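Colleague: One file: structure_0.cif (mmCIF, C-alpha atoms).
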data_final
#
loop_
_atom_site.label_atom_id
_atom_site.label_comp_id
_atom_site.auth_asym_id
_atom_site.auth_seq_id
_atom_site.Cartn_x
_atom_site.Cartn_y
_atom_site.Cartn_z
CA MET G 122 1.11 129.85 16.40
CA ASP G 123 2.51 128.15 19.48
CA ASP G 124 5.38 129.40 21.60
CA ASP G 125 8.06 127.21 19.98
CA GLU G 126 7.01 128.25 16.54
CA LEU G 127 7.08 131.87 17.60
CA GLY G 128 10.61 131.51 18.96
CA ARG G 129 11.77 129.88 15.75
CA PHE G 130 10.05 132.56 13.68
CA GLN G 131 11.72 135.25 15.74
CA ARG G 132 15.24 133.82 15.35
CA GLU G 133 14.78 133.16 11.64
CA LEU G 134 13.41 136.64 10.94
CA ILE G 135 16.21 138.39 12.84
CA ARG G 136 18.79 136.28 11.05
CA GLN G 137 17.36 137.28 7.69
CA VAL G 138 17.07 140.94 8.63
CA SER G 139 20.75 141.03 9.43
CA GLU G 140 21.71 138.90 6.44
CA PHE G 141 19.86 141.03 3.90
CA ARG G 142 20.50 144.30 5.69
CA SER G 143 16.76 144.94 5.52
CA ARG G 144 15.46 148.44 6.00
CA GLY G 145 11.89 147.44 6.69
CA VAL G 146 9.90 144.46 7.92
CA ILE G 147 6.18 143.86 7.55
CA ILE G 148 4.58 141.20 9.70
CA ASP G 149 1.10 140.23 8.57
CA VAL G 150 -0.94 138.68 11.36
CA ALA G 151 -4.28 138.68 9.53
CA ALA G 152 -4.54 134.90 9.88
CA LEU G 153 -4.21 134.97 13.66
CA ASP G 154 -7.54 134.70 15.44
CA VAL G 155 -6.03 134.86 18.90
CA MET G 156 -3.02 136.59 20.29
CA ASP G 157 -1.81 135.87 23.80
CA SER G 158 0.50 137.98 25.91
CA PHE G 159 3.52 135.92 24.90
CA GLY G 160 2.61 136.45 21.26
CA SER G 161 2.32 140.20 21.53
CA ARG G 162 5.48 140.45 23.65
CA SER G 163 7.35 138.42 21.04
CA LEU G 164 6.10 140.66 18.26
CA ARG G 165 7.16 143.73 20.18
CA ASN G 166 10.59 142.30 20.95
CA LEU G 167 10.95 141.32 17.33
CA ALA G 168 10.27 144.87 16.26
CA TYR G 169 12.79 146.24 18.79
CA MET G 170 15.46 143.77 17.70
CA ALA G 171 14.88 144.62 14.05
CA ARG G 172 15.14 148.27 15.00
CA LEU G 173 18.54 147.61 16.55
CA LEU G 174 19.57 146.05 13.26
CA GLY G 175 18.37 149.13 11.43
CA ALA G 176 15.00 147.96 10.15
CA VAL G 177 11.56 149.43 10.79
CA THR G 178 8.79 146.95 11.55
CA VAL G 179 5.15 147.46 10.70
CA ILE G 180 2.63 144.95 11.97
CA VAL G 181 -0.40 144.66 9.74
CA GLY G 182 -3.70 142.84 9.62
CA ILE G 183 -4.65 142.72 13.28
CA GLN G 184 -8.30 141.63 13.35
CA PRO G 185 -10.84 143.82 15.19
CA ASP G 186 -11.57 141.15 17.80
CA VAL G 187 -7.90 140.48 18.34
CA ALA G 188 -7.15 144.18 18.64
CA PHE G 189 -9.74 144.73 21.31
CA ALA G 190 -8.89 141.56 23.19
CA MET G 191 -5.25 142.61 23.26
CA VAL G 192 -6.10 146.02 24.64
CA GLN G 193 -8.48 144.61 27.23
CA LEU G 194 -5.91 142.17 28.49
CA GLY G 195 -3.42 144.98 28.74
CA MET G 196 -1.20 143.56 26.04
CA ASP G 197 0.70 146.23 24.33
CA LEU G 198 2.77 146.45 21.21
CA GLY G 199 4.57 149.41 22.75
CA LYS G 200 5.60 151.85 20.10
CA VAL G 201 5.60 149.41 17.22
CA HIS G 202 3.99 150.72 14.05
CA THR G 203 0.76 149.15 12.93
CA ALA G 204 -1.33 149.38 9.78
CA LEU G 205 -4.60 147.98 8.57
CA GLY G 206 -3.43 145.74 5.74
CA LEU G 207 -0.42 144.84 3.66
CA GLU G 208 -0.98 147.71 1.27
CA GLU G 209 -1.27 150.28 4.03
CA GLY G 210 1.74 148.70 5.70
CA LEU G 211 3.86 149.20 2.61
CA VAL G 212 2.78 152.83 2.34
CA ARG G 213 3.59 153.30 6.00
CA LEU G 214 6.99 151.71 5.56
CA ASP G 215 7.71 153.99 2.62
CA GLU G 216 6.81 156.98 4.74
CA LEU G 217 9.00 155.77 7.58
CA THR G 218 12.07 154.79 5.58
CA GLY G 219 11.65 157.00 2.52
CA ALA G 220 12.47 160.10 4.53
CA GLY G 221 15.90 158.57 5.01
CA ARG G 222 15.62 158.26 8.74
CA LEU G 223 14.26 155.70 11.12
CA SER G 224 11.29 156.66 13.16
CA PRO G 225 12.34 158.21 16.43
CA ALA G 226 9.44 156.43 18.07
CA SER G 227 10.69 152.90 17.47
CA GLY G 228 13.52 152.72 19.97
CA PRO G 229 13.39 150.25 22.85
CA LYS G 230 11.88 151.49 26.07
CA MET D 227 -70.44 101.61 9.19
CA GLU D 228 -69.45 102.52 12.71
CA PRO D 229 -71.49 101.07 15.55
CA SER D 230 -71.17 104.10 17.75
CA GLU D 231 -73.05 106.07 15.14
CA ASP D 232 -76.18 104.14 16.00
CA ASP D 233 -76.08 103.58 19.71
CA GLY D 234 -76.96 107.12 20.50
CA PRO D 235 -77.68 106.93 24.25
CA GLN D 236 -74.17 105.82 25.05
CA PRO D 237 -71.99 108.68 26.32
CA THR D 238 -68.96 109.20 24.16
CA SER D 239 -66.68 111.00 26.50
CA GLY D 240 -65.08 107.73 27.65
CA GLN D 241 -64.60 106.27 24.19
CA LYS D 242 -61.15 107.60 23.48
CA GLY D 243 -60.21 104.55 21.43
CA GLU D 244 -62.67 105.09 18.65
CA ALA D 245 -62.64 108.84 18.77
CA PRO D 246 -60.63 109.37 15.56
CA THR D 247 -63.10 107.50 13.39
CA ASP D 248 -65.92 109.24 15.15
CA HIS D 249 -64.29 112.59 14.38
CA GLU D 250 -63.75 111.62 10.79
CA GLN D 251 -67.43 111.12 10.38
CA LEU D 252 -68.63 114.04 12.39
CA LEU D 253 -66.25 116.71 11.14
CA PRO D 254 -67.61 116.72 7.58
CA GLU D 255 -71.06 117.14 9.02
CA LEU D 256 -69.81 119.96 11.16
CA VAL D 257 -68.10 121.62 8.23
CA ALA D 258 -71.22 121.29 6.12
CA HIS D 259 -73.24 122.93 8.87
CA LEU D 260 -70.78 125.81 9.13
CA ARG D 261 -70.75 126.26 5.36
CA ASP D 262 -74.53 126.26 5.12
CA ASN D 263 -74.90 128.90 7.80
CA ARG D 264 -71.90 130.90 6.74
CA THR D 265 -73.65 134.21 6.13
CA GLN D 266 -75.63 134.17 9.32
CA LEU D 267 -72.85 132.95 11.62
CA ARG D 268 -70.34 135.32 10.15
CA GLN D 269 -72.68 138.23 10.67
CA GLU D 270 -73.38 137.16 14.21
CA TRP D 271 -69.67 136.91 14.92
CA ALA D 272 -68.99 140.35 13.48
CA ASN D 273 -71.80 141.74 15.64
CA ARG D 274 -70.37 140.12 18.73
CA ILE D 275 -66.98 141.61 17.94
CA THR D 276 -68.52 145.07 17.65
CA ASP D 277 -70.59 144.57 20.81
CA ALA D 278 -67.51 143.59 22.77
CA SER D 279 -65.89 146.73 21.32
CA LEU D 280 -62.92 144.75 20.16
CA LEU D 281 -60.87 145.89 17.17
CA SER D 282 -62.01 149.44 17.81
CA SER D 283 -59.16 150.70 15.67
CA MET D 284 -60.62 149.03 12.57
CA ALA D 285 -63.58 150.15 10.47
CA PRO D 286 -66.72 147.94 10.50
CA HIS D 287 -66.33 146.91 6.86
CA GLU D 288 -62.71 145.98 7.51
CA ILE D 289 -63.77 143.86 10.46
CA PHE D 290 -66.38 142.19 8.32
CA SER D 291 -64.03 141.35 5.47
CA GLU D 292 -61.35 140.06 7.84
CA ALA D 293 -64.01 138.13 9.70
CA THR D 294 -65.04 136.51 6.44
CA SER D 295 -61.59 135.28 5.61
CA VAL D 296 -60.92 134.14 9.17
CA TYR D 297 -64.21 132.29 9.10
CA ASP D 298 -63.38 130.54 5.82
CA ASN D 299 -59.92 129.65 7.04
CA TYR D 300 -61.43 128.38 10.25
CA VAL D 301 -63.79 126.06 8.45
CA GLU D 302 -61.00 124.91 6.19
CA VAL D 303 -58.84 123.93 9.15
CA LEU D 304 -61.75 121.97 10.60
CA GLU D 305 -62.12 120.22 7.27
CA THR D 306 -58.49 119.45 6.46
CA GLY D 307 -57.06 119.31 9.97
CA SER D 308 -53.99 121.16 8.74
CA VAL D 309 -53.21 124.51 10.35
CA GLU D 310 -50.48 125.50 7.92
CA ALA D 311 -52.66 127.64 5.68
CA LEU D 312 -54.22 129.28 8.73
CA GLN D 313 -50.82 129.90 10.24
CA HIS D 314 -49.74 131.62 7.08
CA TYR D 315 -52.93 133.63 6.95
CA ALA D 316 -52.68 134.60 10.63
CA GLN D 317 -49.13 135.77 10.13
CA ASN D 318 -50.19 137.81 7.14
CA LEU D 319 -53.17 139.22 9.05
CA SER D 320 -50.96 140.14 12.01
CA GLU D 321 -48.58 141.95 9.70
CA ARG D 322 -51.49 144.07 8.50
CA ILE D 323 -53.23 144.74 11.79
CA ILE D 324 -50.26 145.27 14.11
CA PRO D 325 -49.45 148.66 12.57
CA GLN D 326 -53.11 149.59 13.18
CA GLY D 327 -52.57 149.13 16.89
CA VAL D 328 -54.50 145.90 17.41
CA GLU D 329 -53.67 144.38 20.78
CA THR D 330 -53.04 140.77 21.71
CA HIS D 331 -56.12 140.57 23.92
CA GLU D 332 -58.28 141.65 21.01
CA VAL D 333 -56.98 138.96 18.71
CA VAL D 334 -57.40 136.26 21.35
CA GLY D 335 -60.81 137.72 22.15
CA ILE D 336 -62.18 137.56 18.62
CA VAL D 337 -60.95 134.03 18.01
CA LEU D 338 -62.57 132.90 21.24
CA LEU D 339 -65.76 134.72 20.23
CA LEU D 340 -65.87 132.82 16.96
CA ARG D 341 -65.38 129.62 18.90
CA ASP D 342 -68.30 130.55 21.13
CA VAL D 343 -70.56 131.58 18.26
CA LEU D 344 -69.95 128.34 16.42
CA ALA D 345 -70.35 126.23 19.56
CA ARG D 346 -73.61 128.01 20.26
CA SER D 347 -74.93 127.23 16.81
CA LEU D 348 -73.97 123.60 17.27
CA PHE D 349 -75.88 123.54 20.55
CA GLU D 350 -78.88 124.94 18.78
CA LYS D 351 -78.74 122.40 16.01
CA TYR D 352 -78.10 119.30 18.09
CA HIS D 353 -79.72 120.10 21.39
CA LYS D 354 -82.38 117.46 20.88
CA ASP D 355 -79.85 114.67 20.63
CA PHE D 356 -77.65 115.13 23.64
CA SER D 357 -75.20 112.31 22.93
CA LEU D 358 -74.69 113.38 19.33
CA LEU D 359 -74.09 116.92 20.57
CA ASN D 360 -71.51 115.55 22.93
CA ARG D 361 -69.69 113.78 20.16
CA ILE D 362 -69.89 116.74 17.86
CA LEU D 363 -68.33 118.88 20.56
CA ASP D 364 -65.67 116.23 21.16
CA ALA D 365 -64.75 116.58 17.53
CA TYR D 366 -65.09 120.33 17.42
CA GLU D 367 -63.39 121.47 20.61
CA PRO D 368 -59.84 120.15 20.09
CA ALA D 369 -59.80 121.52 16.55
CA ALA D 370 -61.21 124.86 17.69
CA ASN D 371 -58.67 125.11 20.49
CA ARG D 372 -55.90 124.33 18.10
CA ILE D 373 -57.08 127.12 15.82
CA ALA D 374 -57.31 129.61 18.67
CA ASN D 375 -53.83 128.61 19.71
CA THR D 376 -52.41 128.94 16.22
CA VAL D 377 -53.87 132.36 15.62
CA SER D 378 -52.76 133.75 18.98
CA VAL D 379 -49.28 132.32 18.72
CA SER D 380 -48.87 133.64 15.18
CA PHE D 381 -49.95 137.07 16.31
CA VAL D 382 -47.58 137.13 19.27
CA GLN D 383 -44.73 135.84 17.15
CA GLU D 384 -45.33 138.54 14.60
CA ARG D 385 -45.34 141.16 17.35
CA GLU D 386 -42.10 139.83 18.73
CA ARG D 387 -40.59 139.88 15.27
CA VAL D 388 -41.59 143.54 14.87
CA ILE D 389 -40.11 144.36 18.27
CA ARG D 390 -36.86 142.60 17.44
CA GLN D 391 -36.68 144.43 14.14
CA GLN D 392 -37.17 147.76 15.87
CA GLN D 393 -34.57 146.92 18.49
CA ASP D 394 -32.10 146.15 15.74
CA ALA D 395 -32.96 149.40 14.02
CA ILE D 396 -32.45 151.39 17.20
CA ARG D 397 -29.18 149.64 17.86
CA GLU D 398 -27.99 150.36 14.33
CA LEU D 399 -29.01 153.97 14.58
CA SER D 400 -27.38 154.53 17.92
CA THR D 401 -23.83 154.17 16.58
CA PRO D 402 -23.68 155.24 12.96
CA VAL D 403 -20.32 155.03 11.22
CA LEU D 404 -20.08 157.59 8.43
CA GLN D 405 -17.41 158.04 5.86
CA VAL D 406 -16.83 161.73 5.11
CA ARG D 407 -13.68 161.49 3.07
CA GLU D 408 -11.52 158.72 1.77
CA ARG D 409 -10.13 156.93 4.83
CA LEU D 410 -11.85 159.31 7.23
CA LEU D 411 -14.76 158.12 9.34
CA ILE D 412 -17.01 159.99 11.73
CA LEU D 413 -18.90 158.47 14.64
CA PRO D 414 -21.31 160.96 16.16
CA ILE D 415 -22.55 159.70 19.51
CA ILE D 416 -25.57 161.24 21.15
CA GLY D 417 -27.18 160.32 24.43
CA VAL D 418 -26.16 158.22 27.36
CA LEU D 419 -23.19 155.99 26.73
CA ASP D 420 -23.57 152.90 28.91
CA THR D 421 -21.43 149.78 28.95
CA GLN D 422 -23.59 147.96 26.45
CA ARG D 423 -23.55 150.83 24.00
CA ALA D 424 -19.85 151.43 24.49
CA ARG D 425 -19.17 147.82 23.56
CA GLN D 426 -21.31 148.24 20.50
CA LEU D 427 -19.46 151.41 19.63
CA THR D 428 -16.16 149.55 19.76
CA GLU D 429 -17.49 146.80 17.56
CA GLN D 430 -18.88 149.21 14.98
CA LEU D 431 -15.77 151.35 15.03
CA LEU D 432 -13.33 148.48 14.58
CA SER D 433 -15.33 146.77 11.87
CA GLY D 434 -15.91 150.17 10.24
CA ILE D 435 -12.17 150.76 10.13
CA ARG D 436 -11.69 147.51 8.32
CA ALA D 437 -14.65 147.93 5.97
CA HIS D 438 -13.75 151.50 4.92
CA ARG D 439 -10.00 151.01 5.27
CA ALA D 440 -9.95 154.10 7.44
CA LYS D 441 -6.82 155.78 8.68
CA VAL D 442 -8.42 158.40 10.88
CA VAL D 443 -11.65 158.24 12.84
CA VAL D 444 -13.30 161.20 14.52
CA VAL D 445 -15.47 160.17 17.46
CA ASP D 446 -17.72 163.06 18.37
CA ILE D 447 -19.14 162.82 21.87
CA THR D 448 -20.62 166.32 22.06
CA GLY D 449 -23.98 164.74 22.79
CA VAL D 450 -22.74 162.60 25.66
CA PRO D 451 -23.20 164.37 28.98
CA ASP D 452 -21.10 162.15 31.22
CA VAL D 453 -19.61 158.68 31.37
CA ASP D 454 -18.69 156.45 34.28
CA VAL D 455 -15.19 155.16 34.91
CA SER D 456 -15.68 151.83 33.16
CA VAL D 457 -17.02 153.48 30.00
CA ALA D 458 -14.18 155.99 30.04
CA ASN D 459 -11.74 153.10 30.26
CA HIS D 460 -13.55 151.42 27.45
CA LEU D 461 -13.17 154.53 25.29
CA VAL D 462 -9.44 154.61 25.92
CA GLN D 463 -9.19 150.91 25.08
CA THR D 464 -11.09 151.49 21.87
CA VAL D 465 -8.62 154.18 20.88
CA ASP D 466 -5.74 151.75 21.56
CA ALA D 467 -7.40 148.94 19.64
CA SER D 468 -7.96 151.26 16.67
CA ARG D 469 -4.31 152.14 16.72
CA LEU D 470 -3.43 148.44 16.59
CA MET D 471 -5.49 148.32 13.42
CA GLY D 472 -3.56 151.19 12.01
CA ALA D 473 -6.12 153.94 12.49
CA GLY D 474 -5.78 157.04 14.61
CA VAL D 475 -8.76 158.20 16.66
CA ILE D 476 -9.58 161.83 17.34
CA ILE D 477 -12.10 162.43 20.09
CA THR D 478 -14.03 165.68 19.89
CA GLY D 479 -16.57 167.45 22.01
CA LEU D 480 -15.54 166.16 25.41
CA SER D 481 -17.62 167.62 28.17
CA SER D 482 -15.83 168.98 31.22
CA GLU D 483 -17.20 166.06 33.26
CA ILE D 484 -15.76 163.51 30.88
CA ALA D 485 -12.43 165.33 30.85
CA GLN D 486 -12.35 165.10 34.64
CA THR D 487 -13.22 161.41 34.57
CA LEU D 488 -10.49 160.70 32.03
CA VAL D 489 -7.89 162.48 34.09
CA ARG D 490 -9.08 160.75 37.25
CA ILE D 491 -8.56 157.31 35.72
CA GLY D 492 -5.07 158.41 34.76
CA VAL D 493 -5.34 158.30 31.00
CA ASP D 494 -2.10 158.43 29.03
CA LEU D 495 -2.54 161.73 27.19
CA SER D 496 0.16 160.93 24.66
CA LYS D 497 -2.15 158.26 23.29
CA MET D 498 -5.29 160.37 23.19
CA ASN D 499 -5.81 162.87 20.45
CA THR D 500 -8.60 165.20 21.44
CA VAL D 501 -9.96 168.35 19.84
CA GLY D 502 -12.55 170.71 21.27
CA ASP D 503 -15.29 170.50 18.67
CA LEU D 504 -16.25 168.40 15.69
CA GLN D 505 -15.17 171.01 13.18
CA GLY D 506 -11.70 171.20 14.67
CA GLY D 507 -11.58 167.41 14.77
CA ILE D 508 -12.38 167.10 11.10
CA GLU D 509 -9.81 169.75 10.22
CA GLU D 510 -7.20 167.91 12.26
CA ALA D 511 -8.13 164.65 10.57
CA GLU D 512 -7.86 166.25 7.15
CA ARG D 513 -4.46 167.58 8.06
CA LEU D 514 -3.33 164.10 9.12
CA LEU D 515 -4.60 162.64 5.86
CA GLY D 516 -3.07 165.45 3.79
CA PHE D 517 -6.31 167.04 2.61
CA THR D 518 -6.61 170.78 2.29
CA VAL D 519 -9.99 172.43 2.08
CA ARG D 520 -10.32 175.80 0.43
CA ARG D 521 -13.30 178.01 -0.12
CA ALA D 522 -14.04 178.13 -3.86
CA VAL D 523 -14.24 181.94 -3.86
CA ASP D 524 -10.79 182.30 -2.32
CA ALA D 525 -9.33 179.78 -4.74
CA ASN D 526 -10.75 181.68 -7.72
CA ARG D 527 -9.44 184.97 -6.41
CA GLN D 528 -5.97 183.53 -6.10
CA GLU D 529 -6.10 182.34 -9.70
CA ASP D 530 -7.14 185.78 -10.97
#
If you took the structure in this file and wrote it as structure tokens, what would it be?
Modeller:
Amino acid sequence: MDDDELGRFQRELIRQVSEFRSRGVIIDVAALDVMDSFGSRSLRNLAYMARLLGAVTVIVGIQPDVAFAMVQLGMDLGKVHTALGLEEGLVRLDELTGAGRLSPASGPK
Amino acid sequence: MEPSEDDGPQPTSGQKGEAPTDHEQLLPELVAHLRDNRTQLRQEWANRITDASLLSSMAPHEIFSEATSVYDNYVEVLETGSVEALQHYAQNLSERIIPQGVETHEVVGIVLLLRDVLARSLFEKYHKDFSLLNRILDAYEPAANRIANTVSVSFVQERERVIRQQQDAIRELSTPVLQVRERLLILPIIGVLDTQRARQLTEQLLSGIRAHRAKVVVVDITGVPDVDVSVANHLVQTVDASRLMGAGVIITGLSSEIAQTLVRIGVDLSKMNTVGDLQGGIEEAERLLGFTVRRAVDANRQED
């Protein structure tokens, strides 16, 4: 995913979140073999924007190599929720939204 | 058929050009000689091995039976010129004798002894005709050297393979990833945690999370006396990376030294979940996963 694509993805996703009044968003990044700092910052911003629109974001499918590379390079998803796979992400989302409240942890810094 | 066969007095060492045909004729003769004197030469070789006190870890009858098959293989290589069968045999032999503690110098030693014994018998047979002896040796030596080379290399390769295998086994053992409950993994770490091992730990932990679809991992470092700053950082990074994969890490059994190191590097305590001992760690993990453990006796009493 290049930077332009990421920007487009971000705008499109936010538009749809507001259009459908979504309560939860799952972003599956299992197909990404590399994640640069721009990528992780975009993901984090995406999650914060969705949060402002009232949706909880769970990022799923981060590969082991990607996860460690991100940490080593000091890239941070902040307080965005993560889960292993799509299934776990859905469970997580249910936990987070099912209780009828948004996670207190997902507000912007 | 070949003129050089007849003009005996001529030295052969300079006749590189016709050497192959010369070898072709002489090798069968050589092989026949070795076959005819098999019993005697083999015995002599075995005696020389014992005299040189090589293969001391093997019993005499074992030496003799191995010597027999090496001898036969040896003659076969001289006859066919192909070392493949010997290579295979040498590999097989190495597999058997390495666990018995046979050393490289012994293997090289016995092959060279056989070379000497055979060369000596050739001397004895052809010493009257010096030029024929020369040609016989021209034919014999390269083949014999090739055999010695093949056997030694096979042995060393087999040893290296065993060493590699053991290294892998040690590496595997040093960071076991164990599943104790559904979605709960335990990584007990014992001994010195250096950079190399910490990296391996990370790798095993992250791939273990994916393979077992774990949600909580308990890393028990009771057996780790101390870590340096870079390893401590690495541990913290591993915890972060696990979180990115959706798994929480509980670290148990921190020594006071490690606690000091972690605080010195300014670790963010909100990200680290630590419990004093392994038992507490597992209980905490079970709580996070929603398991409750009850003693069977208590449960029965409550039902009564």
Colleague: Given the file shown, enumerate the residues that the PyMOL selection byres ((chain D) within 12 of (chain G)) captures and present them as a ChimeraX atom specification.
Modeller: /D:409,425,427-442,456,459-474,496-497
Colleague: Evaluated on this file, the PyMOL selection byres ((chain D and resi 386-398) around 10) picks out some residues - which ones are they, written as a list of chain:residue names?
Modeller: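 Checking the PyMOL selection byres ((chain D and resi 386-398) around 10) against this file, the residues are D:Glu321, D:Ile324, D:Pro325, D:Ser380, D:Phe381, D:Val382, D:Gln383, D:Glu384, D:Arg385, D:Leu399, D:Ser400, D:Thr401, D:Pro402, D:Val403, D:Arg423, D:Gln426, D:Gln430.
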Colleague: Quick one: apply the PyMOL selection byres ((chain D and resi 379) around 12) to the file and drop the selected residues here as a list of chain:residue names.
Modeller: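 Written out, the selection comes to D:Leu312, D:Gln313, D:His314, D:Ala316, D:Gln317, D:Ser320, D:Thr330, D:His331, D:Val333, D:Val334, D:Val337, D:Asn371, D:Arg372, D:Ile373, D:Ala374, D:Asn375, D:Thr376, D:Val377, D:Ser378, D:Ser380, D:Phe381, D:Val382, D:Gln383, D:Glu384, D:Arg385, D:Glu386.
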Colleague: Put those residues in a file: C-alpha atoms, as a compact mmCIF listing (two decimals), keeping the file's coordinate frame.
Modeller:
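Saved the output as part_9.txt:
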# COMPACT_ATOMS: atom_id res chain seq x y z
CA LEU D 312 -54.22 129.28 8.73
CA GLN D 313 -50.82 129.90 10.24
CA HIS D 314 -49.74 131.62 7.08
CA ALA D 316 -52.68 134.60 10.63
CA GLN D 317 -49.13 135.77 10.13
CA SER D 320 -50.96 140.14 12.01
CA THR D 330 -53.04 140.77 21.71
CA HIS D 331 -56.12 140.57 23.92
CA VAL D 333 -56.98 138.96 18.71
CA VAL D 334 -57.40 136.26 21.35
CA VAL D 337 -60.95 134.03 18.01
CA ASN D 371 -58.67 125.11 20.49
CA ARG D 372 -55.90 124.33 18.10
CA ILE D 373 -57.08 127.12 15.82
CA ALA D 374 -57.31 129.61 18.67
CA ASN D 375 -53.83 128.61 19.71
CA THR D 376 -52.41 128.94 16.22
CA VAL D 377 -53.87 132.36 15.62
CA SER D 378 -52.76 133.75 18.98
CA SER D 380 -48.87 133.64 15.18
CA PHE D 381 -49.95 137.07 16.31
CA VAL D 382 -47.58 137.13 19.27
CA GLN D 383 -44.73 135.84 17.15
CA GLU D 384 -45.33 138.54 14.60
CA ARG D 385 -45.34 141.16 17.35
CA GLU D 386 -42.10 139.83 18.73
Colleague: When you draw a straight line from atom CA of D:Val257 to atom CA of D:Ser295, how long is it in Å?
Modeller: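 Pair atom CA of D:Val257 / atom CA of D:Ser295 returns 15.4 Å.
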Colleague: Which protein, DNA or RNA residues have an atom at most 12 Å from (3.6, 136.5, 25.0), counting all atoms listed in the file? List them as an MDAnalysis selection string.
Modeller: chainID G and resid 122:125 127:128 155:167 191 194:198
Colleague: Give me a file of those residues, with C-alpha atoms, as a tab-separated table (two decimals), in the coordinates of the input.
Modeller:
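As written to disk, part_3.tsv reads:
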chain	number	residue	atom	x	y	z
G	122	MET	CA	1.11	129.85	16.40
G	123	ASP	CA	2.51	128.15	19.48
G	124	ASP	CA	5.38	129.40	21.60
G	125	ASP	CA	8.06	127.21	19.98
G	127	LEU	CA	7.08	131.87	17.60
G	128	GLY	CA	10.61	131.51	18.96
G	155	VAL	CA	-6.03	134.86	18.90
G	156	MET	CA	-3.02	136.59	20.29
G	157	ASP	CA	-1.81	135.87	23.80
G	158	SER	CA	0.50	137.98	25.91
G	159	PHE	CA	3.52	135.92	24.90
G	160	GLY	CA	2.61	136.45	21.26
G	161	SER	CA	2.32	140.20	21.53
G	162	ARG	CA	5.48	140.45	23.65
G	163	SER	CA	7.35	138.42	21.04
G	164	LEU	CA	6.10	140.66	18.26
G	165	ARG	CA	7.16	143.73	20.18
G	166	ASN	CA	10.59	142.30	20.95
G	167	LEU	CA	10.95	141.32	17.33
G	191	MET	CA	-5.25	142.61	23.26
G	194	LEU	CA	-5.91	142.17	28.49
G	195	GLY	CA	-3.42	144.98	28.74
G	196	MET	CA	-1.20	143.56	26.04
G	197	ASP	CA	0.70	146.23	24.33
G	198	LEU	CA	2.77	146.45	21.21
